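Engineer: Sending over protein_16.cif (mmCIF, C-alpha atoms).
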data_start
#
loop_
_atom_site.label_atom_id
_atom_site.label_comp_id
_atom_site.auth_asym_id
_atom_site.auth_seq_id
_atom_site.Cartn_x
_atom_site.Cartn_y
_atom_site.Cartn_z
CA MET A 1 0.00 0.00 0.00
CA LYS A 2 2.84 2.38 0.90
CA THR A 3 4.45 1.63 -2.44
CA ILE A 4 1.22 2.45 -4.28
CA LYS A 5 0.81 5.75 -2.37
CA PHE A 6 4.41 6.66 -3.15
CA LEU A 7 3.94 5.96 -6.85
CA ILE A 8 0.74 8.03 -6.91
CA ALA A 9 2.58 10.92 -5.20
CA VAL A 10 5.43 10.72 -7.73
CA VAL A 11 2.96 10.77 -10.63
CA LEU A 12 1.10 13.78 -9.17
CA VAL A 13 4.33 15.72 -8.60
CA GLY A 14 5.48 14.83 -12.10
CA CYS A 15 2.20 15.98 -13.64
CA TYR A 16 2.36 19.26 -11.68
CA THR A 17 5.96 19.84 -12.75
CA LEU A 18 5.14 19.03 -16.37
CA ASN A 19 2.10 21.31 -16.36
CA SER A 20 4.13 24.09 -14.74
CA ALA A 21 6.90 23.68 -17.32
CA GLN A 22 4.35 23.69 -20.14
CA ALA A 23 2.76 26.85 -18.72
CA GLN A 24 6.15 28.57 -18.49
CA THR A 25 6.93 27.50 -22.06
CA GLN A 26 3.62 28.97 -23.21
CA ASP A 27 4.31 32.19 -21.28
CA PHE A 28 7.75 32.49 -22.90
CA ALA A 29 6.38 31.74 -26.37
CA LYS A 30 3.70 34.39 -25.94
CA ASN A 31 5.51 37.16 -24.05
CA HIS A 32 9.17 36.03 -24.13
CA GLN A 33 9.18 35.98 -20.35
CA PHE A 34 9.29 33.56 -17.43
CA ASN A 35 6.63 34.31 -14.85
CA LEU A 36 7.72 34.30 -11.21
CA ASN A 37 4.19 34.22 -9.82
CA GLU A 38 0.83 32.94 -11.03
CA SER A 39 -0.48 36.36 -12.09
CA GLY A 40 2.62 37.19 -14.14
CA THR A 41 3.15 40.52 -12.37
CA ASN A 42 6.56 39.25 -11.27
CA TYR A 43 8.59 38.00 -14.21
CA PHE A 44 11.95 37.78 -15.97
CA LYS A 45 12.12 38.70 -19.67
CA ILE A 46 14.66 38.37 -22.50
CA THR A 47 14.69 40.31 -25.79
CA GLY A 48 17.12 40.65 -28.69
CA LEU A 49 17.90 42.93 -31.63
CA VAL A 50 20.20 42.95 -34.64
CA GLN A 51 20.47 45.68 -37.28
CA THR A 52 22.57 44.95 -40.37
CA TRP A 53 23.64 47.81 -42.66
CA VAL A 54 24.80 47.80 -46.27
CA ARG A 55 26.00 51.21 -47.49
CA ASN A 56 27.39 52.99 -50.50
CA MET A 57 28.73 56.47 -49.82
CA ASP A 58 31.04 59.27 -50.80
CA TYR A 59 33.87 59.75 -48.30
CA ASN A 60 35.21 63.07 -47.02
CA PRO A 61 38.19 64.53 -48.94
CA GLY A 62 41.50 62.96 -47.94
CA SER A 63 39.99 59.81 -46.40
CA THR A 64 42.17 56.72 -46.11
CA VAL A 65 41.67 53.10 -45.07
CA PHE A 66 44.90 51.86 -43.49
CA ASN A 67 46.80 54.57 -45.41
CA TYR A 68 45.21 53.72 -48.78
CA ALA A 69 43.28 56.63 -50.31
CA LYS A 70 39.53 56.11 -50.75
CA THR A 71 37.01 58.58 -52.17
CA SER A 72 33.96 56.31 -51.90
CA GLY A 73 33.02 52.75 -51.08
CA THR A 74 30.50 50.06 -50.23
CA ASP A 75 30.56 48.38 -46.82
CA ILE A 76 28.61 45.94 -44.66
CA GLY A 77 28.37 46.04 -40.89
CA ILE A 78 26.37 45.40 -37.76
CA ARG A 79 25.00 48.76 -36.63
CA ARG A 80 23.61 47.33 -33.39
CA TYR A 81 23.37 44.02 -31.59
CA ARG A 82 21.50 43.84 -28.30
CA VAL A 83 20.36 41.36 -25.67
CA GLN A 84 18.12 42.74 -22.92
CA MET A 85 17.45 40.89 -19.67
CA TYR A 86 15.10 42.45 -17.17
CA GLY A 87 12.40 41.64 -14.70
CA GLN A 88 9.96 42.75 -12.04
CA LEU A 89 11.42 40.50 -9.37
CA THR A 90 9.00 41.58 -6.64
CA ASP A 91 6.20 44.12 -6.59
CA LYS A 92 8.77 46.81 -5.75
CA VAL A 93 12.11 45.54 -7.11
CA PHE A 94 13.05 45.89 -10.79
CA PHE A 95 16.24 44.67 -12.47
CA TYR A 96 17.57 45.67 -15.92
CA SER A 97 20.63 44.67 -17.90
CA GLN A 98 21.63 45.01 -21.54
CA ILE A 99 24.69 43.79 -23.42
CA GLY A 100 25.70 44.04 -27.05
CA GLU A 101 27.84 45.77 -29.64
CA ASN A 102 27.67 48.89 -31.82
CA ASN A 103 29.26 49.76 -35.15
CA VAL A 104 30.98 46.48 -35.99
CA ASN A 105 32.55 46.67 -39.45
CA SER A 106 35.50 45.29 -41.40
CA ILE A 107 38.17 47.69 -40.09
CA ILE A 108 37.69 47.32 -36.32
CA ASP A 109 39.64 44.99 -34.04
CA ARG A 110 38.20 41.47 -34.23
CA LYS A 111 36.69 39.41 -31.41
CA GLN A 112 36.09 42.46 -29.26
CA GLY A 113 33.39 40.77 -27.23
CA PHE A 114 30.16 42.25 -25.95
CA PHE A 115 30.15 45.16 -23.53
CA VAL A 116 27.67 46.15 -20.87
CA HIS A 117 25.26 48.85 -21.98
CA ASP A 118 23.07 48.88 -18.86
CA ALA A 119 23.19 47.30 -15.42
CA TYR A 120 20.97 48.77 -12.74
CA GLY A 121 18.48 48.03 -10.01
CA GLU A 122 15.39 49.97 -8.99
CA TYR A 123 13.07 50.17 -5.98
CA ALA A 124 9.53 51.55 -6.16
CA LEU A 125 8.56 53.68 -3.19
CA ASP A 126 5.28 54.19 -5.05
CA LYS A 127 4.80 52.03 -8.14
CA THR A 128 3.48 54.93 -10.23
CA LYS A 129 4.68 58.12 -8.59
CA LEU A 130 8.26 57.47 -7.48
CA SER A 131 10.94 54.87 -8.17
CA LEU A 132 14.61 55.19 -7.21
CA GLY A 133 17.45 53.38 -8.91
CA GLY A 134 21.16 53.31 -9.58
CA GLY A 135 23.87 51.75 -11.72
CA LEU A 136 24.92 52.11 -15.34
CA SER A 137 21.83 53.29 -17.19
CA GLY A 138 20.25 55.39 -19.93
CA TRP A 139 18.20 57.49 -17.51
CA SER A 140 19.45 60.74 -19.03
CA GLY A 141 18.19 64.26 -19.33
CA LEU A 142 17.49 66.75 -22.11
CA SER A 143 14.98 65.22 -24.54
CA ARG A 144 12.83 62.30 -25.65
CA PHE A 145 15.38 60.81 -28.01
CA SER A 146 18.40 61.35 -25.77
CA SER A 147 17.51 57.78 -24.74
CA PRO A 148 15.83 56.21 -27.78
CA SER A 149 14.40 52.71 -27.99
CA VAL A 150 16.53 51.53 -30.91
CA GLY A 151 14.17 48.71 -31.89
CA SER A 152 11.32 51.12 -32.68
CA ILE A 153 13.21 53.92 -34.45
CA MET A 154 11.18 55.30 -37.34
CA GLY A 155 14.15 56.33 -39.49
CA ILE A 156 17.35 54.52 -40.37
CA ASP A 157 18.83 55.84 -37.12
CA ALA A 158 18.01 57.95 -34.07
CA PRO A 159 18.81 61.70 -33.98
CA LEU A 160 22.22 60.99 -32.49
CA TYR A 161 23.08 64.63 -31.81
CA LEU A 162 20.71 64.44 -28.81
CA GLN A 163 23.13 62.04 -27.11
CA THR A 164 25.31 64.96 -26.14
CA THR A 165 28.33 63.20 -24.60
CA ASN A 166 28.07 59.93 -26.54
CA ASP A 167 31.25 57.91 -25.85
CA VAL A 168 33.13 61.02 -24.69
CA THR A 169 32.26 60.96 -20.99
CA ASP A 170 29.70 58.16 -21.11
CA GLN A 171 29.35 54.67 -22.61
CA PHE A 172 27.21 54.99 -25.72
CA LEU A 173 24.92 57.44 -23.82
CA ARG A 174 24.79 55.32 -20.62
CA LYS A 175 26.08 56.86 -17.41
CA PHE A 176 26.89 55.77 -13.87
CA SER A 177 24.05 57.44 -12.03
CA VAL A 178 21.39 57.45 -9.37
CA TYR A 179 17.96 58.49 -10.56
CA ALA A 180 14.33 59.15 -9.67
CA LYS A 181 11.44 58.68 -12.08
CA GLY A 182 7.69 58.48 -12.01
CA LYS A 183 4.32 59.81 -13.11
CA LEU A 184 2.11 62.35 -11.39
CA GLY A 185 -1.11 62.07 -13.33
CA LYS A 186 -0.19 62.89 -16.95
CA PHE A 187 3.10 64.46 -15.91
CA ASP A 188 6.08 62.17 -16.51
CA TYR A 189 9.50 62.99 -15.04
CA ARG A 190 13.03 61.70 -14.70
CA LEU A 191 15.94 63.18 -12.74
CA ALA A 192 19.46 61.76 -12.56
CA LEU A 193 22.74 62.58 -10.89
CA ALA A 194 25.54 61.09 -13.00
CA GLN A 195 29.29 60.70 -12.63
CA PRO A 196 30.99 61.36 -15.99
CA MET A 197 33.47 58.77 -17.19
CA ALA A 198 37.12 59.78 -17.54
CA ILE A 199 37.84 61.66 -20.78
CA GLN A 200 41.27 59.98 -20.82
CA LYS A 201 39.56 56.68 -21.75
CA SER A 202 37.59 58.19 -24.63
CA SER A 203 38.50 57.46 -28.25
CA THR A 204 38.39 61.26 -28.83
CA TYR A 205 41.11 61.98 -26.25
CA ASN A 206 44.33 63.40 -27.65
CA PRO A 207 46.93 63.83 -24.89
CA ALA A 208 49.31 65.62 -27.27
CA ASN A 209 46.88 68.46 -27.96
CA ILE A 210 44.06 68.30 -25.43
CA ILE A 211 43.68 72.04 -24.80
CA GLY A 212 43.62 75.01 -27.17
CA THR A 213 41.77 78.27 -27.66
CA ASN A 214 38.60 76.42 -28.66
CA SER A 215 36.76 74.65 -25.87
CA SER A 216 37.19 70.93 -25.27
CA PHE A 217 36.27 68.57 -22.46
CA SER A 218 38.48 69.09 -19.43
CA SER A 219 40.77 66.24 -18.42
CA GLU A 220 40.60 67.32 -14.76
CA PRO A 221 38.58 65.09 -12.40
CA ALA A 222 34.98 65.68 -13.39
CA ASN A 223 32.20 67.21 -11.32
CA MET A 224 28.86 65.46 -11.06
CA GLN A 225 26.38 65.95 -13.90
CA TRP A 226 22.71 66.82 -13.42
CA ASN A 227 20.11 65.47 -15.84
CA GLY A 228 16.37 66.05 -16.13
CA TYR A 229 13.57 65.50 -18.60
CA PHE A 230 9.88 66.28 -18.04
CA GLN A 231 6.89 65.73 -20.29
CA TYR A 232 3.14 66.15 -20.20
CA GLN A 233 1.34 63.29 -21.92
CA PHE A 234 -1.98 64.63 -23.19
CA LYS A 235 -3.32 61.44 -24.79
CA ASP A 236 -2.40 57.78 -24.22
CA GLN A 237 0.11 57.25 -21.44
CA GLU A 238 3.52 55.80 -22.26
CA SER A 239 5.37 53.27 -20.16
CA ASN A 240 8.39 54.49 -18.19
CA LEU A 241 9.42 50.99 -17.14
CA ILE A 242 12.81 51.47 -18.82
CA PRO A 243 14.50 54.71 -19.93
CA TYR A 244 14.26 54.11 -23.68
CA THR A 245 11.47 55.95 -25.51
CA THR A 246 9.51 54.52 -28.44
CA GLY A 247 10.24 55.88 -31.91
CA THR A 248 6.82 55.11 -33.39
CA TYR A 249 3.92 52.93 -32.29
CA LEU A 250 2.81 52.27 -35.89
CA GLY A 251 -0.74 53.31 -35.06
CA LYS A 252 -1.10 51.21 -31.90
CA LYS A 253 -1.40 54.28 -29.64
CA THR A 254 -2.45 57.92 -29.79
CA VAL A 255 0.38 59.84 -28.16
CA PHE A 256 0.77 63.62 -27.89
CA ASN A 257 3.54 64.82 -25.58
CA ILE A 258 5.25 68.12 -24.91
CA GLY A 259 8.57 67.92 -23.08
CA ALA A 260 11.55 69.91 -21.83
CA GLY A 261 14.87 68.97 -20.26
CA PHE A 262 18.42 69.89 -19.33
CA ILE A 263 21.94 68.62 -18.71
CA TYR A 264 24.33 70.60 -16.52
CA GLN A 265 27.90 69.98 -15.37
CA LYS A 266 30.10 72.51 -13.60
CA ASN A 267 33.53 73.19 -15.16
CA ALA A 268 33.13 70.37 -17.67
CA MET A 269 34.97 72.32 -20.37
CA TRP A 270 38.21 74.26 -20.66
CA ARG A 271 40.24 76.34 -23.12
CA LEU A 272 43.19 78.73 -23.25
CA SER A 273 42.59 82.47 -23.37
CA ASP A 274 46.09 82.86 -24.86
CA ALA A 275 47.39 80.20 -27.25
CA ASN A 276 50.98 81.03 -26.27
CA ASP A 277 50.35 80.76 -22.52
CA PRO A 278 49.56 77.19 -21.34
CA THR A 279 48.64 78.55 -17.90
CA SER A 280 45.84 80.81 -19.22
CA ILE A 281 43.17 78.18 -18.62
CA VAL A 282 39.54 79.27 -18.72
CA ARG A 283 37.04 76.77 -17.31
CA SER A 284 33.35 76.83 -18.23
CA ASN A 285 30.19 74.92 -17.42
CA MET A 286 28.43 72.57 -19.82
CA ALA A 287 24.75 73.56 -19.94
CA HIS A 288 22.21 72.19 -22.42
CA PHE A 289 18.49 72.91 -22.64
CA ALA A 290 15.86 71.45 -24.97
CA ALA A 291 12.12 71.43 -25.65
CA ASP A 292 10.29 68.97 -27.87
CA VAL A 293 6.93 67.75 -29.09
CA PHE A 294 5.95 64.23 -30.16
CA TYR A 295 2.79 63.13 -31.94
CA ASP A 296 2.15 59.54 -32.99
CA ALA A 297 -1.36 58.37 -33.85
CA PRO A 298 -3.54 56.27 -36.15
CA ILE A 299 -5.38 58.08 -38.93
CA GLY A 300 -7.86 56.77 -41.46
CA THR A 301 -9.66 53.45 -41.25
CA LYS A 302 -7.21 51.03 -42.86
CA GLY A 303 -4.31 51.06 -40.43
CA GLN A 304 -2.65 54.26 -41.56
CA SER A 305 -0.74 56.29 -38.98
CA ILE A 306 1.41 59.39 -38.67
CA SER A 307 4.46 60.07 -36.54
CA ALA A 308 6.04 63.49 -36.04
CA TYR A 309 8.76 64.85 -33.77
CA GLY A 310 10.15 68.36 -33.36
CA ASN A 311 12.99 69.53 -31.13
CA VAL A 312 14.79 72.78 -30.35
CA THR A 313 18.06 72.53 -28.39
CA HIS A 314 20.53 75.05 -27.03
CA TYR A 315 24.01 73.59 -26.54
CA ASP A 316 26.71 75.28 -24.48
CA PHE A 317 29.91 73.25 -24.63
CA GLY A 318 32.00 76.42 -24.24
CA GLN A 319 33.52 78.78 -26.77
CA ASN A 320 33.68 77.47 -30.35
CA TYR A 321 33.31 73.81 -29.39
CA ILE A 322 32.71 71.41 -32.30
CA ARG A 323 32.72 67.62 -32.46
CA ASN A 324 32.52 65.32 -35.47
CA SER A 325 30.78 61.98 -35.55
CA GLY A 326 30.72 59.32 -38.24
CA THR A 327 28.41 56.38 -37.64
CA MET A 328 30.22 53.05 -38.14
CA ASN A 329 32.94 55.02 -39.92
CA PRO A 330 34.33 53.07 -42.93
CA ALA A 331 37.62 55.03 -42.97
CA ASN A 332 40.28 55.35 -40.29
CA GLY A 333 42.62 58.07 -41.53
CA THR A 334 42.95 61.29 -43.50
CA THR A 335 45.66 63.06 -45.46
CA ASP A 336 43.86 66.41 -45.69
CA ALA A 337 44.31 68.46 -42.51
CA SER A 338 42.29 71.33 -44.00
CA VAL A 339 39.03 69.31 -43.71
CA LEU A 340 37.25 69.90 -40.40
CA ASN A 341 35.11 66.74 -40.72
CA GLY A 342 37.96 64.27 -40.56
CA ALA A 343 37.79 60.89 -42.30
CA GLY A 344 35.05 58.82 -43.90
CA ASN A 345 31.46 59.86 -43.20
CA ALA A 346 32.09 62.12 -40.18
CA PHE A 347 30.53 65.56 -39.96
CA PRO A 348 30.18 68.27 -37.28
CA MET A 349 27.18 66.78 -35.47
CA TYR A 350 27.73 68.54 -32.11
CA GLY A 351 28.70 72.07 -31.20
CA THR A 352 28.00 75.15 -29.14
CA GLY A 353 24.94 76.86 -30.57
CA ASN A 354 21.30 76.18 -31.39
CA VAL A 355 19.80 73.16 -33.16
CA LEU A 356 16.42 72.54 -34.76
CA PHE A 357 15.32 69.00 -35.62
CA ALA A 358 12.19 67.83 -37.37
CA GLN A 359 11.04 64.34 -38.40
CA VAL A 360 7.80 63.10 -39.90
CA GLY A 361 6.65 59.75 -41.25
CA TYR A 362 3.46 58.25 -42.62
CA LYS A 363 2.49 54.59 -42.41
CA LEU A 364 0.42 53.50 -45.38
CA LYS A 365 -2.58 51.21 -45.08
CA ASP A 366 -2.17 47.69 -43.73
CA ASN A 367 -1.75 44.81 -46.22
CA LEU A 368 -0.53 47.20 -48.90
CA ILE A 369 1.90 44.59 -50.27
CA GLY A 370 0.50 41.21 -49.29
CA LYS A 371 0.50 41.26 -45.49
CA THR A 372 3.16 44.00 -45.36
CA THR A 373 3.13 47.77 -45.73
CA LEU A 374 5.39 50.80 -46.15
CA MET A 375 6.26 53.80 -43.98
CA PRO A 376 8.21 56.62 -45.68
CA TYR A 377 9.86 59.31 -43.54
CA VAL A 378 12.01 62.43 -43.79
CA SER A 379 14.10 64.28 -41.18
CA MET A 380 16.47 67.23 -40.94
CA GLN A 381 18.98 68.54 -38.40
CA HIS A 382 19.57 72.28 -38.80
CA ALA A 383 22.29 73.69 -36.55
CA ASN A 384 23.84 77.12 -36.10
CA TYR A 385 27.13 76.31 -34.38
CA ASP A 386 29.46 79.13 -33.31
CA ARG A 387 32.50 77.48 -34.89
CA LEU A 388 30.90 77.28 -38.36
CA ASN A 389 30.37 80.20 -40.74
CA SER A 390 27.14 78.80 -42.18
CA ALA A 391 24.33 76.58 -40.96
CA MET A 392 24.97 72.86 -40.67
CA ASN A 393 22.19 70.92 -42.42
CA PHE A 394 22.00 67.15 -42.29
CA TYR A 395 19.23 65.40 -44.26
CA ASP A 396 17.85 61.89 -43.96
CA ALA A 397 14.96 60.45 -45.96
CA GLY A 398 13.83 56.89 -46.57
CA VAL A 399 11.16 54.25 -46.47
CA ASN A 400 10.51 51.34 -44.11
CA TRP A 401 9.13 48.11 -45.50
CA LEU A 402 7.30 46.72 -42.47
CA LEU A 403 7.42 42.97 -42.99
CA ALA A 404 6.20 42.31 -39.43
CA GLY A 405 6.08 45.71 -37.76
CA HIS A 406 9.33 46.52 -35.96
CA ASN A 407 10.07 42.82 -35.48
CA SER A 408 11.11 42.40 -39.10
CA LYS A 409 11.63 45.44 -41.27
CA PHE A 410 13.74 46.58 -44.21
CA THR A 411 14.73 50.26 -44.46
CA LEU A 412 16.23 52.07 -47.42
CA ALA A 413 17.56 55.58 -46.75
CA TYR A 414 19.40 58.47 -48.37
CA GLN A 415 21.55 60.80 -46.26
CA ASN A 416 23.26 64.06 -47.17
CA ARG A 417 25.91 65.66 -44.96
CA PRO A 418 27.97 68.87 -45.20
CA VAL A 419 31.77 69.10 -45.41
CA TYR A 420 33.59 72.07 -43.83
CA ASN A 421 37.16 73.28 -43.78
CA VAL A 422 38.96 74.08 -40.52
CA SER A 423 38.10 77.77 -40.93
CA GLY A 424 34.41 76.86 -40.67
CA ASP A 425 33.52 77.43 -44.33
CA LEU A 426 31.15 75.06 -46.11
CA MET A 427 33.04 73.22 -48.88
CA SER A 428 30.56 70.68 -50.28
CA HIS A 429 27.99 68.00 -49.47
CA LYS A 430 28.43 64.23 -49.56
CA SER A 431 25.82 61.51 -49.97
CA ALA A 432 25.17 58.05 -48.59
CA PHE A 433 22.70 55.28 -49.44
CA ILE A 434 21.95 52.86 -46.61
CA ALA A 435 19.96 49.62 -46.54
CA GLN A 436 19.11 48.06 -43.18
CA TYR A 437 17.45 44.82 -42.17
CA GLN A 438 16.25 44.64 -38.58
CA VAL A 439 15.17 41.64 -36.54
CA PHE A 440 13.69 42.58 -33.15
CA PHE A 441 12.79 39.79 -30.72
CA ASN A 442 10.66 41.39 -28.01
#
For this file, produce the structure as C-alpha cells.
Structural biologist:
Amino acid sequence: MKTIKFLIAVVLVGCYTLNSAQAQTQDFAKNHQFNLNESGTNYFKITGLVQTWVRNMDYNPGSTVFNYAKTSGTDIGIRRYRVQMYGQLTDKVFFYSQIGENNVNSIIDRKQGFFVHDAYGEYALDKTKLSLGGGLSGWSGLSRFSSPSVGSIMGIDAPLYLQTTNDVTDQFLRKFSVYAKGKLGKFDYRLALAQPMAIQKSSTYNPANIIGTNSSFSSEPANMQWNGYFQYQFKDQESNLIPYTTGTYLGKKTVFNIGAGFIYQKNAMWRLSDANDPTSIVRSNMAHFAADVFYDAPIGTKGQSISAYGNVTHYDFGQNYIRNSGTMNPANGTTDASVLNGAGNAFPMYGTGNVLFAQVGYKLKDNLIGKTTLMPYVSMQHANYDRLNSAMNFYDAGVNWLLAGHNSKFTLAYQNRPVYNVSGDLMSHKSAFIAQYQVFFN
C-alpha cells in the first residue's frame, strides 16, 4: 500500500511539474518571459535585436583606409546588436541589464566581445509616482530621443546629436548614475545625478593636444552631472518601465507629448585664453536645454498612422566647441588636414549653438503589399554652431518596409551631410545610401 501511495505521489508531482513547465513555455512563447508568480506581475524577460547595414557612400576629402586613399566605397556592418534581460522580481524591485555591440565593421579589431550597456536596479517607493534606482543606465536628461528605444526607431537611425556626450564621458549614452522617475497624473518625469566617465579613456582623447583656444572637455577630475527630462502626456500614457522611448507605435497608440529637459555639469569644459600661454586656462560649465513635441497616432480606417517629432536645443559646450561623428565610420585616416570633418562619413554633429530637428513619417494602409506595408519618412537637423560660418544641415529620408512591424523590417535611406574646412567654411555636401534589415525579438 505504501508503495502504491508513493507511486501516486510521484505521478502527481510529475504531472504538476510538467504542467508548470508547459505553462512557463507557453508564457515564454507568448511574451518572451518567465513568470515568477501565477499572475505574471513578477517576471523575468529576454529580448534581442540585430540591425545589419549595407551602405554605399562618398567619403570626405583625404579619407584613407589603413593609409590607402579612398574617395567612396561600399561596406557591410552590424550597426547594433543587443540582448536585454530584465524583470519585475517583486512588486517593488526591478532589475535591468543590456549587453551588445555597436558599429561592428571590417576595419575594427576582431573578437572584441560584448560590452555592458546597462546594469541597474530599482526600488519603487510608489509604483506609479516614485521609483529610485542606480547603476549604469540610460536614464538621461534633455529630450525624448536622448535615450531612444533603438528597436522602434522610425528612421534609419536615431537623432544621435541628442546624445550629447556619446562615448566622450559616457558609454554609448549610458552613465553611472542614481535616478528618480515616475508619473504624477499625466506628468512624466526623470531626474538623474551622474558621474561622468574619464575623458582619458575616450577614443576622442588626444593627450598631445588636449587644450587650445577652442573649448574641449576638461581632463581634470569631473564634477557630477545633473540630468532632467519632463513631459506632459496629453493622450495615451507611455510606459516608463525602462529609460528608452519609443520611436513610433505604428498606429497602436495615440500619443501627444510636450517635453523639456536639461543637462548641466560645472567646469566640464576648458580652453586657453592665450594660445601662447599654457597657464591661461579658462574653465566653463556645460549647460544644455531642450524642448520637444511628439505626436504619434492612427489616422484613417485602414491602419494608416502618422508620426512626427520636433525639437529645439541650445548647446553650451564652451567657446567654439565642435565635435565630429561618423556612424560606423568606414575610414580610419585622413591626409587632408584642412578638412574639419575628418575621415570617412564624419561631420560636425555637435557644437555650441542652437539646433532645430524635425522628423515626420506616414504609415500607409495595412496589407498594402501582401500582409506587409510601407512607412516613408524624412528628417532634418539644422544647426547654427558658433564654430561654423554657415548653418549645418544634415538630411535623412527613406522608407521602411514593415514585414512584421518593428520585429522584421527593411529600411532604405538616403543621407546628405555637409563638409567644412577648418576655418568653418562650407566646402561641399556628400551623400550616402543605406539599406538596413532589422530583426527585433521582443
Engineer: Enumerate, as a count of residues only, the residues matched when the PyMOL selection byres ((chain A and resi 101) around 7) is run on the file above.
Structural biologist: 8
Engineer: Given the file shown, enumerate the residues that the PyMOL selection byres ((chain A and resi 213) around 9) captures and present them as a list in words.
Structural biologist: Ile211, Gly212, Asn214, Ser215, Ser216, Trp270, Arg271, Leu272, Ser273, Asp274, Ala275, Gln319 and Asn320 of chain A
Engineer: Taking the file as I've supplied it (selection: the PyMOL selection byres ((chain A and resi 388) around 9)), which residues are included? Please answer as a ChimeraX atom specification.
Structural biologist: /A:320,322,384-387,389-392,420,422-426
Engineer: Could those selected residues go to a file with C-alpha atoms, as an mmCIF file, keeping the file's coordinate frame?
Structural biologist:
data_model
loop_
_atom_site.group_PDB
_atom_site.id
_atom_site.type_symbol
_atom_site.label_atom_id
_atom_site.label_comp_id
_atom_site.auth_asym_id
_atom_site.auth_seq_id
_atom_site.Cartn_x
_atom_site.Cartn_y
_atom_site.Cartn_z
ATOM 1 C CA ASN A 320 33.680 77.470 -30.350
ATOM 2 C CA ILE A 322 32.710 71.410 -32.300
ATOM 3 C CA ASN A 384 23.840 77.120 -36.100
ATOM 4 C CA TYR A 385 27.130 76.310 -34.380
ATOM 5 C CA ASP A 386 29.460 79.130 -33.310
ATOM 6 C CA ARG A 387 32.500 77.480 -34.890
ATOM 7 C CA ASN A 389 30.370 80.200 -40.740
ATOM 8 C CA SER A 390 27.140 78.800 -42.180
ATOM 9 C CA ALA A 391 24.330 76.580 -40.960
ATOM 10 C CA MET A 392 24.970 72.860 -40.670
ATOM 11 C CA TYR A 420 33.590 72.070 -43.830
ATOM 12 C CA VAL A 422 38.960 74.080 -40.520
ATOM 13 C CA SER A 423 38.100 77.770 -40.930
ATOM 14 C CA GLY A 424 34.410 76.860 -40.670
ATOM 15 C CA ASP A 425 33.520 77.430 -44.330
ATOM 16 C CA LEU A 426 31.150 75.060 -46.110
#
Engineer: Excluding same-chain residues fewer than 2 positions from A:Ile107, what lies within 12 Å of it counting only C-alpha atoms, as a PDB file with C-alpha atoms, keeping the file's coordinate frame?
Structural biologist:
ATOM      1  CA  THR A  64      42.170  56.720 -46.110  1.00  0.00           C
ATOM      2  CA  VAL A  65      41.670  53.100 -45.070  1.00  0.00           C
ATOM      3  CA  PHE A  66      44.900  51.860 -43.490  1.00  0.00           C
ATOM      4  CA  ASP A  75      30.560  48.380 -46.820  1.00  0.00           C
ATOM      5  CA  ILE A  76      28.610  45.940 -44.660  1.00  0.00           C
ATOM      6  CA  GLY A  77      28.370  46.040 -40.890  1.00  0.00           C
ATOM      7  CA  ASN A 103      29.260  49.760 -35.150  1.00  0.00           C
ATOM      8  CA  VAL A 104      30.980  46.480 -35.990  1.00  0.00           C
ATOM      9  CA  ASN A 105      32.550  46.670 -39.450  1.00  0.00           C
ATOM     10  CA  ASP A 109      39.640  44.990 -34.040  1.00  0.00           C
ATOM     11  CA  ARG A 110      38.200  41.470 -34.230  1.00  0.00           C
ATOM     12  CA  MET A 328      30.220  53.050 -38.140  1.00  0.00           C
ATOM     13  CA  ASN A 329      32.940  55.020 -39.920  1.00  0.00           C
ATOM     14  CA  PRO A 330      34.330  53.070 -42.930  1.00  0.00           C
ATOM     15  CA  ALA A 331      37.620  55.030 -42.970  1.00  0.00           C
ATOM     16  CA  ASN A 332      40.280  55.350 -40.290  1.00  0.00           C
ATOM     17  CA  GLY A 333      42.620  58.070 -41.530  1.00  0.00           C
TER      18      GLY A 333
END
Engineer: Considering all atoms listed in the file, return as a PDB file with C-alpha atoms, in the frame of the given file whatever protein or nucleic-acid residues lie within 12 Å of A:Lys363, sequence-local ones (same chain, fewer than 5 positions apart) excluded.
Structural biologist:
ATOM      1  CA  MET A 154      11.180  55.300 -37.340  1.00  0.00           C
ATOM      2  CA  THR A 248       6.820  55.110 -33.390  1.00  0.00           C
ATOM      3  CA  TYR A 249       3.920  52.930 -32.290  1.00  0.00           C
ATOM      4  CA  LEU A 250       2.810  52.270 -35.890  1.00  0.00           C
ATOM      5  CA  GLY A 251      -0.740  53.310 -35.060  1.00  0.00           C
ATOM      6  CA  LYS A 252      -1.100  51.210 -31.900  1.00  0.00           C
ATOM      7  CA  ASP A 296       2.150  59.540 -32.990  1.00  0.00           C
ATOM      8  CA  ALA A 297      -1.360  58.370 -33.850  1.00  0.00           C
ATOM      9  CA  PRO A 298      -3.540  56.270 -36.150  1.00  0.00           C
ATOM     10  CA  ILE A 299      -5.380  58.080 -38.930  1.00  0.00           C
ATOM     11  CA  GLY A 300      -7.860  56.770 -41.460  1.00  0.00           C
ATOM     12  CA  LYS A 302      -7.210  51.030 -42.860  1.00  0.00           C
ATOM     13  CA  GLY A 303      -4.310  51.060 -40.430  1.00  0.00           C
ATOM     14  CA  GLN A 304      -2.650  54.260 -41.560  1.00  0.00           C
ATOM     15  CA  SER A 305      -0.740  56.290 -38.980  1.00  0.00           C
ATOM     16  CA  ILE A 306       1.410  59.390 -38.670  1.00  0.00           C
ATOM     17  CA  SER A 307       4.460  60.070 -36.540  1.00  0.00           C
ATOM     18  CA  ALA A 308       6.040  63.490 -36.040  1.00  0.00           C
ATOM     19  CA  LEU A 368      -0.530  47.200 -48.900  1.00  0.00           C
ATOM     20  CA  THR A 372       3.160  44.000 -45.360  1.00  0.00           C
ATOM     21  CA  THR A 373       3.130  47.770 -45.730  1.00  0.00           C
ATOM     22  CA  LEU A 374       5.390  50.800 -46.150  1.00  0.00           C
ATOM     23  CA  MET A 375       6.260  53.800 -43.980  1.00  0.00           C
ATOM     24  CA  PRO A 376       8.210  56.620 -45.680  1.00  0.00           C
ATOM     25  CA  TYR A 377       9.860  59.310 -43.540  1.00  0.00           C
ATOM     26  CA  VAL A 399      11.160  54.250 -46.470  1.00  0.00           C
ATOM     27  CA  ASN A 400      10.510  51.340 -44.110  1.00  0.00           C
ATOM     28  CA  TRP A 401       9.130  48.110 -45.500  1.00  0.00           C
ATOM     29  CA  LEU A 402       7.300  46.720 -42.470  1.00  0.00           C
ATOM     30  CA  GLY A 405       6.080  45.710 -37.760  1.00  0.00           C
TER      31      GLY A 405
END
